[in-house]
Amino acid sequence: IVTGGMAENVYNNLRSLGLKETEICFISNPTAILKKRFIEEMTGAIILRIDENDDVITTNHEYFDGETFKKLKLVIENHNTVKLLVVSDYCKGFVDEYWLGQIFELCDKHGIKTVMDSRKKLDPTWSEKVDFVKINNKEYTELGEDASKYCRNLIVTQGSKGSFWVNENKHYSTKSVDRPSCVGAGDTMLAGFVMSLLDCASVDDSIKFGNLAAGAAVSKSGTSVVTKEDIERFKLR
């Protein structure tokens, strides 16, 4: 199974959940990242993953003024058409902390919601400026329980245990899946959460919808996009 990177998975799921191509401004590494997964047919278990083209040119402060980021800045400043900015970052070097701080500050100024999924260490230079930060349980354990003091809202995905909204001390359970294929589950959860926020749902309901989206995704083999119909079927199981 060959797929793109983290940001592309989120983008594809947002499209599959109903957003039109004209409703999304997608900016990513110009080099197409490929992830090849070798999966055991009977169990669906991943045997091996090979990443290709995942090296990027590290950004610097001047690069923020380049054509790529000037385009994003123009989109954000045209805030009548922008509702939310989502950043998916596997810490490969394409996005640095300075860039994040500048973008989130600009969004804050224009009242645009922001969501971040990153392997970066939480840092006040950017994490205090974003509305929602999503990390997985392993990353949360490494950061420690004080991690939430560096961001407004910290959401931790916990696999089969669901999700945890740290700042509000709320746990959200999820349905169990036999022999789940966990590839891309976090990306799908993020897309579901974002889609629900765009539909003006509460944070509680958005986390629950994100959990359902992830559950529907892990019910399939390999990295799969989900539809609202997939989620509804999973919900009724």
# chains A, B, ... in the order shown; residues from 1 in each chain; ligands from 1
>>> residues_around(residues="Trp126 (chain A)", least_positions_apart="3", cutoff="9 Å", atoms="only C-alpha atoms", output="number ranges by chain")
A: 97-105, 122-123, 129-130, 151
>>> atom_distance(atom1="CA of Glu23 (chain A)", atom2="CA of Asp205 (chain A)")
22.6 Å
>>> atom_distance(atom1="CA of Ile112 (chain A)", atom2="CA of Leu143 (chain A)")
27.1 Å
>>> select_by_dssp(residues="region 141-221 of chain A", states="helix (DSSP H, G or I)", output="PyMOL selection string")
chain A and resi 141-143+145-150+159-161+166-168+185-198+203-218
>>> residues_around(residues="Phe26 (chain A)", least_positions_apart="3", cutoff="9 Å", atoms="only C-alpha atoms", output="PDB file with all heavy atoms, in the first residue's frame")
ATOM      1  N   ALA A   7       0.065  15.308   6.238  1.00  0.00           N
ATOM      2  CA  ALA A   7      -0.812  16.402   5.813  1.00  0.00           C
ATOM      3  C   ALA A   7      -1.735  15.969   4.680  1.00  0.00           C
ATOM      4  O   ALA A   7      -2.912  16.347   4.637  1.00  0.00           O
ATOM      5  CB  ALA A   7       0.020  17.609   5.382  1.00  0.00           C
ATOM      6  N   GLU A   8      -1.199  15.164   3.765  1.00  0.00           N
ATOM      7  CA  GLU A   8      -2.014  14.690   2.651  1.00  0.00           C
ATOM      8  C   GLU A   8      -3.139  13.782   3.132  1.00  0.00           C
ATOM      9  O   GLU A   8      -4.252  13.815   2.603  1.00  0.00           O
ATOM     10  CB  GLU A   8      -1.144  13.951   1.637  1.00  0.00           C
ATOM     11  CG  GLU A   8      -1.894  13.553   0.370  1.00  0.00           C
ATOM     12  CD  GLU A   8      -1.015  12.885  -0.659  1.00  0.00           C
ATOM     13  OE1 GLU A   8       0.217  13.001  -0.555  1.00  0.00           O
ATOM     14  OE2 GLU A   8      -1.551  12.234  -1.568  1.00  0.00           O
ATOM     15  N   TYR A  11      -5.795  16.066   4.472  1.00  0.00           N
ATOM     16  CA  TYR A  11      -6.458  16.715   3.336  1.00  0.00           C
ATOM     17  C   TYR A  11      -7.425  15.761   2.636  1.00  0.00           C
ATOM     18  O   TYR A  11      -8.576  16.113   2.357  1.00  0.00           O
ATOM     19  CB  TYR A  11      -5.394  17.209   2.349  1.00  0.00           C
ATOM     20  CG  TYR A  11      -5.948  17.683   1.023  1.00  0.00           C
ATOM     21  CD1 TYR A  11      -6.511  18.945   0.895  1.00  0.00           C
ATOM     22  CD2 TYR A  11      -5.900  16.862  -0.098  1.00  0.00           C
ATOM     23  CE1 TYR A  11      -7.012  19.387  -0.324  1.00  0.00           C
ATOM     24  CE2 TYR A  11      -6.401  17.289  -1.319  1.00  0.00           C
ATOM     25  CZ  TYR A  11      -6.959  18.555  -1.426  1.00  0.00           C
ATOM     26  OH  TYR A  11      -7.458  18.978  -2.630  1.00  0.00           O
TER      27      TYR A  11
END
>>> residues_around(residues="Val10 (chain A)", least_positions_apart="3", cutoff="6 Å", atoms="only C-alpha atoms", output="list in words")
Ala7, Asn13, Asp187 and Ala191 of chain A
>>> write_last_selection(atoms="C-alpha atoms", output="PDB file, in the first residue's frame")
ATOM      1  CA  ALA A   7      -0.812  16.402   5.813  1.00  0.00           C
ATOM      2  CA  ASN A  13     -10.061  12.828   4.617  1.00  0.00           C
ATOM      3  CA  ASP A 187      -4.815  11.894  10.810  1.00  0.00           C
ATOM      4  CA  ALA A 191      -9.831  15.501  10.020  1.00  0.00           C
TER       5      ALA A 191
END
>>> closest_residue(among="A:Met189, A:Ile135, A:Leu17, A:Cys200", to="Asp230 (chain A)", atoms="only C-alpha atoms")
A:Leu17
>>> residues_around(residues="Lys170 (chain A)", least_positions_apart="2", cutoff="12 Å", atoms="only C-alpha atoms", output="PDB file with N, CA, C and O atoms, in the first residue's frame")
ATOM      1  N   ASN A 153      -5.732  24.390  24.519  1.00  0.00           N
ATOM      2  CA  ASN A 153      -6.482  23.137  24.585  1.00  0.00           C
ATOM      3  C   ASN A 153      -5.616  22.009  24.049  1.00  0.00           C
ATOM      4  O   ASN A 153      -5.208  22.046  22.882  1.00  0.00           O
ATOM      5  N   LEU A 154      -5.336  21.030  24.894  1.00  0.00           N
ATOM      6  CA  LEU A 154      -4.512  19.892  24.501  1.00  0.00           C
ATOM      7  C   LEU A 154      -5.389  18.641  24.432  1.00  0.00           C
ATOM      8  O   LEU A 154      -6.040  18.273  25.413  1.00  0.00           O
ATOM      9  N   ILE A 155      -5.413  18.011  23.252  1.00  0.00           N
ATOM     10  CA  ILE A 155      -6.205  16.801  23.044  1.00  0.00           C
ATOM     11  C   ILE A 155      -5.246  15.655  22.743  1.00  0.00           C
ATOM     12  O   ILE A 155      -4.406  15.757  21.849  1.00  0.00           O
ATOM     13  N   VAL A 156      -5.392  14.571  23.509  1.00  0.00           N
ATOM     14  CA  VAL A 156      -4.497  13.421  23.380  1.00  0.00           C
ATOM     15  C   VAL A 156      -5.289  12.230  22.853  1.00  0.00           C
ATOM     16  O   VAL A 156      -6.301  11.838  23.443  1.00  0.00           O
ATOM     17  N   GLY A 162      -9.685   5.788  23.261  1.00  0.00           N
ATOM     18  CA  GLY A 162     -10.376   7.009  22.866  1.00  0.00           C
ATOM     19  C   GLY A 162      -9.480   8.219  22.907  1.00  0.00           C
ATOM     20  O   GLY A 162      -8.332   8.179  22.483  1.00  0.00           O
ATOM     21  N   SER A 163      -9.989   9.317  23.461  1.00  0.00           N
ATOM     22  CA  SER A 163      -9.249  10.580  23.508  1.00  0.00           C
ATOM     23  C   SER A 163      -9.403  11.246  24.867  1.00  0.00           C
ATOM     24  O   SER A 163     -10.348  10.965  25.614  1.00  0.00           O
ATOM     25  N   PHE A 164      -8.478  12.154  25.167  1.00  0.00           N
ATOM     26  CA  PHE A 164      -8.453  12.843  26.454  1.00  0.00           C
ATOM     27  C   PHE A 164      -8.252  14.328  26.214  1.00  0.00           C
ATOM     28  O   PHE A 164      -7.259  14.749  25.605  1.00  0.00           O
ATOM     29  N   TRP A 165      -9.213  15.145  26.662  1.00  0.00           N
ATOM     30  CA  TRP A 165      -9.089  16.603  26.611  1.00  0.00           C
ATOM     31  C   TRP A 165      -8.441  17.020  27.918  1.00  0.00           C
ATOM     32  O   TRP A 165      -9.097  17.103  28.953  1.00  0.00           O
ATOM     33  N   VAL A 166      -7.156  17.270  27.884  1.00  0.00           N
ATOM     34  CA  VAL A 166      -6.367  17.417  29.105  1.00  0.00           C
ATOM     35  C   VAL A 166      -6.809  18.609  29.935  1.00  0.00           C
ATOM     36  O   VAL A 166      -6.995  18.505  31.149  1.00  0.00           O
ATOM     37  N   ASN A 167      -6.994  19.765  29.309  1.00  0.00           N
ATOM     38  CA  ASN A 167      -7.310  20.995  30.056  1.00  0.00           C
ATOM     39  C   ASN A 167      -8.616  20.891  30.820  1.00  0.00           C
ATOM     40  O   ASN A 167      -8.786  21.508  31.874  1.00  0.00           O
ATOM     41  N   GLU A 168      -9.562  20.112  30.293  1.00  0.00           N
ATOM     42  CA  GLU A 168     -10.865  19.941  30.952  1.00  0.00           C
ATOM     43  C   GLU A 168     -10.968  18.620  31.713  1.00  0.00           C
ATOM     44  O   GLU A 168     -12.004  18.323  32.292  1.00  0.00           O
ATOM     45  N   TYR A 172     -12.941  10.573  26.510  1.00  0.00           N
ATOM     46  CA  TYR A 172     -13.959  10.226  25.518  1.00  0.00           C
ATOM     47  C   TYR A 172     -13.650   8.824  25.013  1.00  0.00           C
ATOM     48  O   TYR A 172     -12.641   8.605  24.336  1.00  0.00           O
ATOM     49  N   SER A 173     -14.496   7.874  25.363  1.00  0.00           N
ATOM     50  CA  SER A 173     -14.270   6.485  24.966  1.00  0.00           C
ATOM     51  C   SER A 173     -14.618   6.286  23.499  1.00  0.00           C
ATOM     52  O   SER A 173     -15.252   7.141  22.868  1.00  0.00           O
ATOM     53  N   VAL A 203     -16.743  21.583  21.147  1.00  0.00           N
ATOM     54  CA  VAL A 203     -15.492  20.836  21.247  1.00  0.00           C
ATOM     55  C   VAL A 203     -15.773  19.394  21.656  1.00  0.00           C
ATOM     56  O   VAL A 203     -15.190  18.453  21.112  1.00  0.00           O
ATOM     57  N   ASP A 204     -16.675  19.203  22.608  1.00  0.00           N
ATOM     58  CA  ASP A 204     -17.058  17.850  23.046  1.00  0.00           C
ATOM     59  C   ASP A 204     -17.516  17.006  21.864  1.00  0.00           C
ATOM     60  O   ASP A 204     -17.031  15.882  21.655  1.00  0.00           O
ATOM     61  N   ILE A 207     -14.694  16.205  19.318  1.00  0.00           N
ATOM     62  CA  ILE A 207     -13.799  15.123  19.744  1.00  0.00           C
ATOM     63  C   ILE A 207     -14.480  13.773  19.551  1.00  0.00           C
ATOM     64  O   ILE A 207     -13.867  12.810  19.064  1.00  0.00           O
ATOM     65  N   LYS A 208     -15.756  13.693  19.892  1.00  0.00           N
ATOM     66  CA  LYS A 208     -16.493  12.443  19.719  1.00  0.00           C
ATOM     67  C   LYS A 208     -16.574  12.059  18.243  1.00  0.00           C
ATOM     68  O   LYS A 208     -16.411  10.887  17.887  1.00  0.00           O
TER      69      LYS A 208
END
>>> closest_residue(among="A:Glu77, A:Tyr90, A:Leu85, A:Ala201", to="Ile24 (chain A)", atoms="only C-alpha atoms")
A:Leu85
>>> closest_residue(among="A:Glu21, A:Asp96, A:Glu142, A:Glu232", to="Leu212 (chain A)", atoms="only C-alpha atoms")
A:Glu232
